[in-house]
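Undergrad: Quick one: the structure is below, questions incoming.
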Amino acid sequence: MTSSGWRRPRVLLGTAAGVVALGFLVVLELVARRYGLQGPLTCQVRELVLPPKSGPLLYAGMALMLVVCTWRQRFIAVGVAIGLDVAFLLARWAFGVETTGGHPFGNGALWVILGCGVIAVTRRTGPERVLLLKGVGLGLLLVAGRKAGDTWLLITSETRPVVLDQYVATADHALGNPSWLVGRIVTATGSFGFNFLDFVYGQLAVAAVVVALYQLRNVAAERRFPAHHLVRTFLVIGLFGPGIYMIFPVVGPIFAYGDGTEYWAGVTLWSETHSTGHWAVADLWPATLPPVNTPHPMPFDGITPRNCMPSLHTAWATAIFIHSRKGPRTLRFAGTFWLIATLTATLGFGYHYGVDLIAGVVFTLTIEAALRAHDRGWERSGIQLVAYGTTVFAGLLLSYRYLPLEMAGHPWVYGPLLLLAMASVIYGYVRTTRPWEPKATPPHRPEARPEPVPVTDGPPT
């Protein structure tokens, strides 16, 4: 197949993916409106003027878009974004508009992204237009993915009045209930430890952009995007993960077995807290382990997201770790740090059980394998890896739901089995994808030639 023949299906596939993404956002908007909520599109439009919920994320989205631009264009775009944010800040100060619940910056970055989209349509042609539109789409998808995730969380709390925390907490005895242990450790670190981890936990998308910027660093020079990069994995995780929330609704130990985020009210510097103690089984987290009783579905409030199974923060941090492995030492260190800090936060804040994290790792590796197998044309090894990861993930969810008492009663059997199941997917991923990596070509070295022997007029003496 010629290069033009190969590019045409990829362009059609990219266009189809864009249409599907837009259709998904529209459907999510309509569903949110049905429950009296603001959908992702409405929230995004409001941030053109109102204080953004996540200013750093908007600048991260702009940074992704700028990978297609020259350095001169990047400096101009950043300068315009900062200038607009200063103008918005002065206008809010003049009219006494508060930024409660949002950031005082970020509007400028969103306006720049949209402005570049207008420039692509009106001032660019051919491949240059397509490349700039891809950059704009990438930046907007990152932001829209965050908005879609927030909307999903609100929908889970509205549509799933009953949660399955008792089943997961019982199954978590097989791992020794790590959330209770790590929760006590984080509590002991006080305000500094909590807020440091809270910052890392909240800026996961920004960390992903840092890794993605390294992967996309050559786009402006090569005038094309690489076949696979972190943003693809990030968005697909966010697309499919909330669907599992609807099937397996879980609120987390700090809510089901504690007083909710009110527990951290004395140490948090910026996070909002609320009490849910009257919905909890008992006020046990993190001081007292939950008893092993026959689990039952339990009703919960209509506010707390049912966003534990699987742990998507674990999934995203795992994706960052995987994609940072090909970077320089500093990036590899940062990817490892973000994974460890995120796992510590998810458990230590009481947001997740240990079994959630195992499911999150398997979930990520399966999605990453599927994306890479798709790029290679679905070879047999890729199909087998995806099928195995899907089977293990389904088996984990079924065991948490239907075997929690057996898992709690035999922790020395089921605990190692859970870890072994996760390790087998990790091993299968590494073993299958390692041959897919492009082999480094050694630098060409010219052959050594013998130095010419000087010619003399007479015989040597």
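In the structure tokens, the first chain shown is A, the next is B, and so on; residue numbers restart at 1 for each chain, and ligands run from 1 in the order shown.
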Extract, using only C-alpha atoms, all DNA, RNA and protein residues at most 7 Å from Gly145 (chain A), discarding same-chain residues fewer than 3 positions from it, and format them as a VMD selection string.
TA: chain A and resid 141 to 142 148 to 149 235 238
Undergrad: Using only N, CA and C atoms, please write the residues we just selected to a file, as a compact mmCIF listing (two decimals), in the first residue's frame.
TA:
# COMPACT_ATOMS: atom_id res chain seq x y z
N LEU A 141 -9.77 18.02 23.78
CA LEU A 141 -10.15 16.70 24.28
C LEU A 141 -9.67 16.47 25.71
N LEU A 142 -8.48 16.97 26.02
CA LEU A 142 -7.98 16.82 27.39
C LEU A 142 -8.90 17.54 28.36
N ALA A 148 -16.14 15.73 31.13
CA ALA A 148 -16.97 14.55 30.99
C ALA A 148 -16.86 13.66 32.21
N GLY A 149 -15.63 13.53 32.75
CA GLY A 149 -15.45 12.73 33.95
C GLY A 149 -16.21 13.29 35.14
N LEU A 235 -7.29 9.29 27.61
CA LEU A 235 -8.66 9.57 27.23
C LEU A 235 -9.51 8.30 27.18
N GLY A 238 -10.49 7.27 30.63
CA GLY A 238 -11.58 8.11 31.11
C GLY A 238 -12.90 7.85 30.42
Undergrad: Write out as a VMD selection string the residues lying within 10 Å of Gly55 (chain A), counting only C-alpha atoms and excluding same-chain residues fewer than 5 positions away.
TA: chain A and resid 47 60 to 61 102 to 110
Undergrad: Pick from A:His173, A:Lys134, A:Arg184, A:Arg34: nearest to Pro286 (chain A), with only C-alpha atoms counted?
TA: A:Arg184
Undergrad: Quick one: everything within 8 Å of region 324-338 of chain A, counting only C-alpha atoms, minus sequence neighbours fewer than 3 positions away in the same chain. Send it as a list in words.
TA: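 Within the cut-off, the hits are Val200, Leu204, Ala207, Val211, Tyr214, Ala317, Ile320, Phe321, Ala341 and Thr342 of chain A.
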Undergrad: Show me, as a tab-separated table, the residues of region 177-279 of chain A having an atom within 9 Å of region 288-304 of chain A, each with the closest atom pair and its distance in Å, using only C-alpha atoms.
TA:
residue	atom	partner	partner_atom	distance
A:Asn177	CA	A:Leu289	CA	7.4
A:Trp180	CA	A:Leu289	CA	6.9
A:Val251	CA	A:Thr304	CA	6.8
A:Phe255	CA	A:Thr304	CA	8.3
A:Ala256	CA	A:Phe300	CA	8.3
A:Tyr257	CA	A:Pro290	CA	7.7
A:Thr276	CA	A:Asp301	CA	7.8
A:Trp279	CA	A:Phe300	CA	5.8
Undergrad: Using all heavy atoms, can you write the selected residues to a file as an mmCIF file, in the first residue's frame?
TA:
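The result, stored in again-v5.cif:
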data_model
loop_
_atom_site.group_PDB
_atom_site.id
_atom_site.type_symbol
_atom_site.label_atom_id
_atom_site.label_comp_id
_atom_site.auth_asym_id
_atom_site.auth_seq_id
_atom_site.Cartn_x
_atom_site.Cartn_y
_atom_site.Cartn_z
ATOM 1 N N ASN A 177 -6.581 -5.048 54.325
ATOM 2 C CA ASN A 177 -7.209 -3.723 54.410
ATOM 3 C C ASN A 177 -6.169 -2.597 54.396
ATOM 4 O O ASN A 177 -6.018 -1.834 55.356
ATOM 5 C CB ASN A 177 -8.058 -3.612 55.675
ATOM 6 C CG ASN A 177 -9.180 -4.629 55.704
ATOM 7 O OD1 ASN A 177 -9.058 -5.669 56.361
ATOM 8 N ND2 ASN A 177 -10.273 -4.354 55.001
ATOM 9 N N TRP A 180 -6.779 1.206 55.585
ATOM 10 C CA TRP A 180 -6.775 1.535 57.012
ATOM 11 C C TRP A 180 -5.349 1.802 57.484
ATOM 12 O O TRP A 180 -5.104 2.758 58.227
ATOM 13 C CB TRP A 180 -7.408 0.395 57.801
ATOM 14 C CG TRP A 180 -8.883 0.524 57.985
ATOM 15 C CD1 TRP A 180 -9.534 0.891 59.120
ATOM 16 C CD2 TRP A 180 -9.911 0.297 57.007
ATOM 17 N NE1 TRP A 180 -10.890 0.907 58.915
ATOM 18 C CE2 TRP A 180 -11.159 0.542 57.630
ATOM 19 C CE3 TRP A 180 -9.912 -0.108 55.673
ATOM 20 C CZ2 TRP A 180 -12.367 0.406 56.972
ATOM 21 C CZ3 TRP A 180 -11.119 -0.238 55.009
ATOM 22 C CH2 TRP A 180 -12.327 0.023 55.653
ATOM 23 N N VAL A 251 -18.330 3.776 46.973
ATOM 24 C CA VAL A 251 -17.983 5.149 47.347
ATOM 25 C C VAL A 251 -16.621 5.267 48.031
ATOM 26 O O VAL A 251 -16.016 6.336 48.013
ATOM 27 C CB VAL A 251 -19.063 5.767 48.262
ATOM 28 C CG1 VAL A 251 -20.354 5.970 47.495
ATOM 29 C CG2 VAL A 251 -19.295 4.929 49.506
ATOM 30 N N PHE A 255 -15.998 7.094 53.263
ATOM 31 C CA PHE A 255 -17.425 7.416 53.242
ATOM 32 C C PHE A 255 -18.264 6.282 53.836
ATOM 33 O O PHE A 255 -19.134 6.528 54.673
ATOM 34 C CB PHE A 255 -17.877 7.692 51.806
ATOM 35 C CG PHE A 255 -17.151 8.831 51.156
ATOM 36 C CD1 PHE A 255 -16.181 8.601 50.198
ATOM 37 C CD2 PHE A 255 -17.432 10.136 51.520
ATOM 38 C CE1 PHE A 255 -15.512 9.648 49.601
ATOM 39 C CE2 PHE A 255 -16.764 11.200 50.934
ATOM 40 C CZ PHE A 255 -15.791 10.948 49.969
ATOM 41 N N ALA A 256 -17.996 5.050 53.403
ATOM 42 C CA ALA A 256 -18.814 3.921 53.857
ATOM 43 C C ALA A 256 -18.494 3.510 55.288
ATOM 44 O O ALA A 256 -19.343 2.943 55.984
ATOM 45 C CB ALA A 256 -18.618 2.722 52.928
ATOM 46 N N TYR A 257 -17.261 3.787 55.751
ATOM 47 C CA TYR A 257 -16.846 3.368 57.093
ATOM 48 C C TYR A 257 -16.251 4.523 57.887
ATOM 49 O O TYR A 257 -15.484 4.307 58.829
ATOM 50 C CB TYR A 257 -15.825 2.229 57.002
ATOM 51 C CG TYR A 257 -16.408 0.951 56.460
ATOM 52 C CD1 TYR A 257 -16.382 0.674 55.099
ATOM 53 C CD2 TYR A 257 -17.008 0.012 57.305
ATOM 54 C CE1 TYR A 257 -16.936 -0.497 54.597
ATOM 55 C CE2 TYR A 257 -17.558 -1.154 56.813
ATOM 56 C CZ TYR A 257 -17.519 -1.406 55.461
ATOM 57 O OH TYR A 257 -18.075 -2.568 54.965
ATOM 58 N N THR A 276 -20.522 12.609 55.797
ATOM 59 C CA THR A 276 -21.484 11.591 55.344
ATOM 60 C C THR A 276 -21.627 10.500 56.403
ATOM 61 O O THR A 276 -22.033 9.389 56.094
ATOM 62 C CB THR A 276 -21.016 10.959 54.020
ATOM 63 O OG1 THR A 276 -19.684 10.420 54.196
ATOM 64 C CG2 THR A 276 -20.980 11.987 52.897
ATOM 65 N N TRP A 279 -24.643 8.119 56.819
ATOM 66 C CA TRP A 279 -24.868 7.076 55.821
ATOM 67 C C TRP A 279 -23.947 5.873 56.023
ATOM 68 O O TRP A 279 -24.166 4.816 55.430
ATOM 69 C CB TRP A 279 -24.633 7.630 54.409
ATOM 70 C CG TRP A 279 -25.634 8.640 53.970
ATOM 71 C CD1 TRP A 279 -25.518 10.003 54.051
ATOM 72 C CD2 TRP A 279 -26.913 8.405 53.385
ATOM 73 N NE1 TRP A 279 -26.631 10.621 53.555
ATOM 74 C CE2 TRP A 279 -27.511 9.663 53.125
ATOM 75 C CE3 TRP A 279 -27.628 7.245 53.039
ATOM 76 C CZ2 TRP A 279 -28.767 9.787 52.544
ATOM 77 C CZ3 TRP A 279 -28.877 7.376 52.460
ATOM 78 C CH2 TRP A 279 -29.441 8.626 52.219
#
Undergrad: Pick the closest to Ile340 (chain A) from A:Arg224, A:Ala87, A:Thr314, A:Ala81: which is it, counting only C-alpha atoms?
TA: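 The answer is A:Thr314, which sits nearest to Ile340 (chain A).
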Undergrad: Mind checking which residues fall within 12 Å of Arg232 (chain A), counting only C-alpha atoms, ignoring those fewer than 5 positions away in the same chain, and posting them as a list in words?
TA: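 Once the nearby chain positions are removed, what remains is Gly14, Ala17, Leu138, Gly139, Leu141, Leu142, Gly145, Ala208, Val209, Ala212, Gln215, Phe225, Pro226, Ala227, Ile237, Gly238, Leu239, Trp316, Ala319, Ile320, His323, Thr364, Ile367, Glu368, Ala370, Leu371, Arg372 and Asp375 of chain A.
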Undergrad: Restricted to N, CA and C atoms, what would the selected residues look like written as a PDB file, in the first residue's frame?
TA:
ATOM      1  N   GLY A  14      -9.426   8.758  12.188  1.00  0.00           N
ATOM      2  CA  GLY A  14      -9.338   9.899  13.095  1.00  0.00           C
ATOM      3  C   GLY A  14     -10.587  10.756  13.060  1.00  0.00           C
ATOM      4  N   ALA A  17     -13.296   8.922  14.916  1.00  0.00           N
ATOM      5  CA  ALA A  17     -13.080   9.014  16.363  1.00  0.00           C
ATOM      6  C   ALA A  17     -13.515  10.373  16.894  1.00  0.00           C
ATOM      7  N   LEU A 138      -6.649  17.989  20.246  1.00  0.00           N
ATOM      8  CA  LEU A 138      -5.987  17.300  21.353  1.00  0.00           C
ATOM      9  C   LEU A 138      -6.118  18.102  22.636  1.00  0.00           C
ATOM     10  N   GLY A 139      -5.895  19.417  22.542  1.00  0.00           N
ATOM     11  CA  GLY A 139      -6.025  20.260  23.731  1.00  0.00           C
ATOM     12  C   GLY A 139      -7.439  20.291  24.267  1.00  0.00           C
ATOM     13  N   LEU A 141      -9.770  18.018  23.782  1.00  0.00           N
ATOM     14  CA  LEU A 141     -10.152  16.696  24.279  1.00  0.00           C
ATOM     15  C   LEU A 141      -9.673  16.475  25.710  1.00  0.00           C
ATOM     16  N   LEU A 142      -8.476  16.966  26.017  1.00  0.00           N
ATOM     17  CA  LEU A 142      -7.983  16.817  27.387  1.00  0.00           C
ATOM     18  C   LEU A 142      -8.902  17.537  28.363  1.00  0.00           C
ATOM     19  N   GLY A 145     -12.378  15.905  28.362  1.00  0.00           N
ATOM     20  CA  GLY A 145     -12.353  14.633  29.087  1.00  0.00           C
ATOM     21  C   GLY A 145     -12.505  14.835  30.581  1.00  0.00           C
ATOM     22  N   ALA A 208       0.483  14.035  33.375  1.00  0.00           N
ATOM     23  CA  ALA A 208       0.343  13.311  32.111  1.00  0.00           C
ATOM     24  C   ALA A 208       0.760  14.185  30.939  1.00  0.00           C
ATOM     25  N   VAL A 209       0.414  15.467  30.999  1.00  0.00           N
ATOM     26  CA  VAL A 209       0.771  16.373  29.911  1.00  0.00           C
ATOM     27  C   VAL A 209       2.281  16.527  29.814  1.00  0.00           C
ATOM     28  N   ALA A 212       3.434  13.584  27.993  1.00  0.00           N
ATOM     29  CA  ALA A 212       2.971  13.667  26.613  1.00  0.00           C
ATOM     30  C   ALA A 212       3.766  14.698  25.815  1.00  0.00           C
ATOM     31  N   GLN A 215       6.802  13.094  24.598  1.00  0.00           N
ATOM     32  CA  GLN A 215       6.536  12.183  23.494  1.00  0.00           C
ATOM     33  C   GLN A 215       6.219  12.926  22.196  1.00  0.00           C
ATOM     34  N   PHE A 225       1.898  13.528  14.039  1.00  0.00           N
ATOM     35  CA  PHE A 225       1.862  12.978  15.380  1.00  0.00           C
ATOM     36  C   PHE A 225       2.353  11.542  15.365  1.00  0.00           C
ATOM     37  N   PRO A 226       2.958  11.078  16.461  1.00  0.00           N
ATOM     38  CA  PRO A 226       3.332   9.660  16.532  1.00  0.00           C
ATOM     39  C   PRO A 226       2.090   8.786  16.576  1.00  0.00           C
ATOM     40  N   ALA A 227       2.256   7.512  16.212  1.00  0.00           N
ATOM     41  CA  ALA A 227       1.114   6.605  16.153  1.00  0.00           C
ATOM     42  C   ALA A 227       0.466   6.411  17.522  1.00  0.00           C
ATOM     43  N   ILE A 237      -9.060   5.556  28.940  1.00  0.00           N
ATOM     44  CA  ILE A 237      -9.323   5.163  30.328  1.00  0.00           C
ATOM     45  C   ILE A 237     -10.493   5.961  30.883  1.00  0.00           C
ATOM     46  N   GLY A 238     -10.489   7.266  30.629  1.00  0.00           N
ATOM     47  CA  GLY A 238     -11.582   8.107  31.109  1.00  0.00           C
ATOM     48  C   GLY A 238     -12.902   7.845  30.417  1.00  0.00           C
ATOM     49  N   LEU A 239     -12.848   7.285  29.207  1.00  0.00           N
ATOM     50  CA  LEU A 239     -14.073   6.995  28.471  1.00  0.00           C
ATOM     51  C   LEU A 239     -14.752   5.735  28.993  1.00  0.00           C
ATOM     52  N   TRP A 316      -4.616   5.870  35.670  1.00  0.00           N
ATOM     53  CA  TRP A 316      -3.908   6.955  34.993  1.00  0.00           C
ATOM     54  C   TRP A 316      -2.453   7.047  35.442  1.00  0.00           C
ATOM     55  N   ALA A 319      -0.534   4.436  33.681  1.00  0.00           N
ATOM     56  CA  ALA A 319      -0.274   4.816  32.295  1.00  0.00           C
ATOM     57  C   ALA A 319       0.884   5.809  32.210  1.00  0.00           C
ATOM     58  N   ILE A 320       0.919   6.779  33.122  1.00  0.00           N
ATOM     59  CA  ILE A 320       2.035   7.727  33.148  1.00  0.00           C
ATOM     60  C   ILE A 320       3.350   6.992  33.379  1.00  0.00           C
ATOM     61  N   HIS A 323       4.441   5.084  30.118  1.00  0.00           N
ATOM     62  CA  HIS A 323       4.909   5.933  29.024  1.00  0.00           C
ATOM     63  C   HIS A 323       6.156   6.725  29.394  1.00  0.00           C
ATOM     64  N   THR A 364      -5.736  -0.715  33.118  1.00  0.00           N
ATOM     65  CA  THR A 364      -4.845   0.105  32.301  1.00  0.00           C
ATOM     66  C   THR A 364      -4.030  -0.728  31.330  1.00  0.00           C
ATOM     67  N   ILE A 367      -6.139  -1.843  28.388  1.00  0.00           N
ATOM     68  CA  ILE A 367      -6.421  -0.763  27.435  1.00  0.00           C
ATOM     69  C   ILE A 367      -5.169  -0.394  26.652  1.00  0.00           C
ATOM     70  N   GLU A 368      -4.048  -0.280  27.336  1.00  0.00           N
ATOM     71  CA  GLU A 368      -2.793   0.043  26.653  1.00  0.00           C
ATOM     72  C   GLU A 368      -2.455  -1.027  25.626  1.00  0.00           C
ATOM     73  N   ALA A 370      -4.601  -2.983  24.086  1.00  0.00           N
ATOM     74  CA  ALA A 370      -5.565  -2.894  22.990  1.00  0.00           C
ATOM     75  C   ALA A 370      -5.197  -1.779  22.016  1.00  0.00           C
ATOM     76  N   LEU A 371      -4.792  -0.623  22.530  1.00  0.00           N
ATOM     77  CA  LEU A 371      -4.416   0.475  21.654  1.00  0.00           C
ATOM     78  C   LEU A 371      -3.187   0.131  20.821  1.00  0.00           C
ATOM     79  N   ARG A 372      -2.218  -0.481  21.442  1.00  0.00           N
ATOM     80  CA  ARG A 372      -0.999  -0.830  20.712  1.00  0.00           C
ATOM     81  C   ARG A 372      -1.246  -1.976  19.734  1.00  0.00           C
ATOM     82  N   ASP A 375      -2.805  -0.548  16.634  1.00  0.00           N
ATOM     83  CA  ASP A 375      -1.833   0.094  15.750  1.00  0.00           C
ATOM     84  C   ASP A 375      -1.063  -0.919  14.910  1.00  0.00           C
TER      85      ASP A 375
END
Undergrad: I need the residue nearest Ala63 (chain A) from this list: A:Arg434, A:Arg217, A:Arg223, A:Arg376. Use only C-alpha atoms for the distance.
TA: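 Nearest candidate to Ala63 (chain A) out of A:Arg434, A:Arg217, A:Arg223, A:Arg376: A:Arg217.
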